[in-house]
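These notes are about the structure you will find just below.
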Amino acid sequence: MKEAVYISGAPSAGPDLQELLGLVARGDQDAFAKVYDAVSGPVLGLVRSVLRDPAQSEEVAQEVLVEVWRTAPRFRASRGSAMNWVLTLAHRRAVDRVRSAEASAAREHRAALLDRTPAFDQVTEQVESRLEREQVRRCVRTLSELQRQSVTLAYYRGLTYREVSELLSVPLGTIKTRLRDGLIRLRDCLGVSA
Amino acid sequence: MSNAELHTLTGAYALHALPDTERVAFERHLRDCEACAVEVRELSETAARLGLAVADTPPRGLRDRVLREITTVRQESPSGIGRDRSGGAADRGDSTTGRGAGGTGQGGRRPRYALAACLAAAVGFGGIAAWQHRAAQDARQEARAAQQQNEQLAQVLAAPDAKASSGTMKGGAKGTVVVSQSENRAVFMASGMRQPPSGKVYQLWFDDRGTMRSAGLMNTPAASDAVLLDGPVDGASGIGITVEPAGGSAQPTSAPLALMNFPAA
């Protein structure tokens, strides 16, 4: 697999995370501590952007990180990057949680979802994270308004495309298309290849 | 839904924005659409970058808790064999990685085609009944799930000379055996198998022209399960499955639930 091209510096988690996961797969707890240090920030941030509630987010993040340990033997580098594998686990867990009955009942003020911009404002000291955030922010700005809203509501808020369609009062087919062409534009802007 | 319509779902799929029923339909489509699978991978990597951009600083206590917890959590084996399948967490883990947009279908693609081609060849060869073709499709779906669990098992299914044959067992469960002479291994897949009676296990056997050679136990037959048979195929002409006392037997002690011959090479 070709690594993604990073315009303004690669996240440090990139190159050797895969090797570390290989060690973790063989039960290396020290290697897992390093994996934790590389992925826990993104995992928690992503889960928190979907769930909002800090305590619940921490709980789910912990579940995800333990899941990384447990299922590391099944990671296959041929199918995608290590970070993608971890964040896919995290997003899936967060989305499952937010779509469970109780959680959706709690999300009564759906309109409020619209007001919130993606949580690019969180403070981290890590330079790599700042660079990453700047780059994503720049690329998100290249999207059309509808692309941006569709992608961020789906990804950062865990809405299904039907929910996005209802929320924005835009036909389903249009949302499907915007999710795809929005991501494609981001892909090209970020220089992602797989 | 047409293929063109399905194709536009790559974005929604990569963002986990499909409701479950549509996700399942799309994953079915992904299996036959190489271009979609590539696009899903790229869009999934793109989504991960959105995730990286919201990284947060975790509280110190989380690190300690996680590092403590993992010392008590057993890891899955790479093959998936022998892992605990009774827990909900294990199943969740499967589905999470299985449908995880990043890993979707990549590993499974070639094996599926290889097996599909073989099945098509088998149908052309012998004019096999329609129900059996359906069983083969089930088998292919089962094969897909199995690949995620077990690379070695996948190798058998992926082998260019992999051949499948299906049959109905005593009790109504369906069995499919896939054999690859080049890998010298065989895989057994069952659907609809009940749990064995208490204190009993299912045992698989290679049929060495009338002499049964143990090919391992099926510990927990799930509703649909795939098992790599222990040991080489060598000269075996087929497989058998029996119910044996817990721990298994050196020789079959009961009449077989099924005897299945390997398909002719």
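Ordering of the structure tokens sets the chain letters (A, B, ...), residue numbers begin anew at 1 in every chain, and ligands are numbered from 1 in the order given.
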
Excluding Pro171 of chain A and any residue of its chain fewer than 5 positions from it, enumerate the residues within 12 Å of it, using only C-alpha atoms, and give them as a PDB file with N, CA and C atoms, in the first residue's frame.
ATOM      1  N   LEU A 146     -22.982  22.252   1.204  1.00  0.00           N
ATOM      2  CA  LEU A 146     -23.771  21.028   1.408  1.00  0.00           C
ATOM      3  C   LEU A 146     -22.859  19.808   1.599  1.00  0.00           C
ATOM      4  N   SER A 150     -22.928  17.691   5.039  1.00  0.00           N
ATOM      5  CA  SER A 150     -23.257  16.269   4.950  1.00  0.00           C
ATOM      6  C   SER A 150     -22.146  15.417   5.557  1.00  0.00           C
ATOM      7  N   TYR A 161     -27.206   8.653   6.635  1.00  0.00           N
ATOM      8  CA  TYR A 161     -27.462   9.612   5.549  1.00  0.00           C
ATOM      9  C   TYR A 161     -28.927  10.008   5.489  1.00  0.00           C
ATOM     10  N   ARG A 162     -29.806   9.115   5.958  1.00  0.00           N
ATOM     11  CA  ARG A 162     -31.230   9.477   6.023  1.00  0.00           C
ATOM     12  C   ARG A 162     -31.469  10.596   7.031  1.00  0.00           C
ATOM     13  N   GLU A 163     -30.800  10.486   8.157  1.00  0.00           N
ATOM     14  CA  GLU A 163     -30.939  11.537   9.170  1.00  0.00           C
ATOM     15  C   GLU A 163     -30.384  12.862   8.664  1.00  0.00           C
ATOM     16  N   VAL A 164     -29.263  12.770   7.944  1.00  0.00           N
ATOM     17  CA  VAL A 164     -28.687  13.986   7.364  1.00  0.00           C
ATOM     18  C   VAL A 164     -29.682  14.607   6.398  1.00  0.00           C
ATOM     19  N   SER A 165     -30.303  13.746   5.591  1.00  0.00           N
ATOM     20  CA  SER A 165     -31.267  14.228   4.606  1.00  0.00           C
ATOM     21  C   SER A 165     -32.450  14.932   5.272  1.00  0.00           C
ATOM     22  N   GLU A 166     -32.969  14.312   6.344  1.00  0.00           N
ATOM     23  CA  GLU A 166     -34.090  14.936   7.055  1.00  0.00           C
ATOM     24  C   GLU A 166     -33.682  16.251   7.692  1.00  0.00           C
ATOM     25  N   LYS A 176     -26.548  11.269  -0.553  1.00  0.00           N
ATOM     26  CA  LYS A 176     -25.649  10.170  -0.911  1.00  0.00           C
ATOM     27  C   LYS A 176     -24.533  10.676  -1.803  1.00  0.00           C
ATOM     28  N   THR A 177     -24.935  11.434  -2.811  1.00  0.00           N
ATOM     29  CA  THR A 177     -23.956  11.928  -3.777  1.00  0.00           C
ATOM     30  C   THR A 177     -22.977  12.900  -3.122  1.00  0.00           C
ATOM     31  N   ARG A 178     -23.514  13.788  -2.255  1.00  0.00           N
ATOM     32  CA  ARG A 178     -22.628  14.771  -1.620  1.00  0.00           C
ATOM     33  C   ARG A 178     -21.638  14.099  -0.676  1.00  0.00           C
TER      34      ARG A 178
END

Q.
I'd like the contact shell of Leu62 of chain B - 12 Å cut-off, only C-alpha atoms, skipping same-chain residues fewer than 6 positions apart - returned as a list in words.
A. Ala33, Tyr36, Asp37, Ser40, Gly41, Val43, Leu44, Ala55, Ser57, Glu58, Glu59, Val60, Ala61, Gln62, Glu63, Val64, Leu65 and Val66 of chain A; Arg68 and Glu69 of chain B

Selection from above, C-alpha atoms, as a short mmCIF file (atom, residue, chain, number, x, y, z; two decimals), in the first residue's frame, can you write it?
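Generated file (out-v4.cif):
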data_model
loop_
_atom_site.label_atom_id
_atom_site.label_comp_id
_atom_site.auth_asym_id
_atom_site.auth_seq_id
_atom_site.Cartn_x
_atom_site.Cartn_y
_atom_site.Cartn_z
CA ALA A 33 1.82 1.20 25.51
CA TYR A 36 -1.70 3.66 23.09
CA ASP A 37 0.37 6.84 23.07
CA SER A 40 -5.41 7.35 22.24
CA GLY A 41 -5.66 11.06 21.39
CA VAL A 43 -9.52 7.76 19.43
CA LEU A 44 -10.77 9.86 22.31
CA ALA A 55 -17.69 10.49 30.71
CA SER A 57 -16.70 9.14 25.59
CA GLU A 58 -13.94 8.11 27.93
CA GLU A 59 -15.70 4.84 28.64
CA VAL A 60 -16.13 4.06 24.94
CA ALA A 61 -12.55 5.14 24.18
CA GLN A 62 -11.33 2.71 26.82
CA GLU A 63 -13.40 -0.08 25.25
CA VAL A 64 -11.96 0.71 21.84
CA LEU A 65 -8.37 0.75 23.08
CA VAL A 66 -8.79 -2.59 24.80
CA ARG B 68 -4.00 -2.37 33.49
CA GLU B 69 -7.04 -3.82 31.79
#

Excluding Leu23 of chain A and residues on its chain fewer than 6 positions from it, collect all residues at most 12 Å away from it, counting only C-alpha atoms, and give them as a compact mmCIF listing (two decimals) with C-alpha atoms, in the first residue's frame.
# COMPACT_ATOMS: atom_id res chain seq x y z
CA ASP A 16 5.89 2.58 12.64
CA LEU A 17 2.43 2.09 14.07
CA GLN A 29 2.52 -5.05 26.28
CA ASP A 30 5.33 -2.49 25.97
CA ALA A 31 4.55 -2.14 22.30
CA PHE A 32 0.90 -1.70 23.20
CA ALA A 33 1.82 1.20 25.51
CA LYS A 34 3.45 2.89 22.51
CA VAL A 35 0.42 2.18 20.35
CA TRP A 69 -5.21 -5.02 22.09
CA ALA A 72 -4.54 -6.75 16.97
CA PRO A 73 -3.76 -10.24 15.63
CA PHE A 75 -5.01 -6.42 11.69

Q. Closest to Ala158 of chain B among B:Asp56, B:Glu183, B:Asp208, B:Asp32, using only C-alpha atoms?
A. B:Glu183

Q. What's the 8 Å shell around segment 41-52 of chain B, counting only C-alpha atoms, without same-chain residues fewer than 4 positions away, as a PyMOL selection string?
A. (chain A and resi 42-43+45-46+79-81+83-84+87-88+129+132-133+136+155+183-184+186-187+190+192-194) or (chain B and resi 10-11+14-15+37+101-104)

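Comparing the minimum interatomic distances between chain A and each of B:Glu244, B:Glu22, B:Asp234, B:Asp161, counting only C-alpha atoms, we find that B:Glu22 sits nearest.
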
Q.
Would you compute the distance between atom CA of Asp20 of chain B and atom CA of Ser169 of chain A? Give it in Å to one decimal.
A. 22.2 Å

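Here atom CA of Gly182 of chain A and atom CA of Ser78 of chain A stand 25.6 Å from one another.
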
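Using only C-alpha atoms, the smallest distance between any of A:Cys189, A:Leu179, A:Ala90, A:Ala77 and Val151 of chain A comes from A:Leu179.
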
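The smallest atom-to-atom distance between Trp205 of chain B and any of B:Pro160, B:Gly171, B:Pro252, B:Gly235, using only C-alpha atoms, is found for B:Pro252.
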
Q. What gap, in Å, lies between atom CA of Arg138 of chain A and atom CA of Asp96 of chain A?
A. 29.4 Å
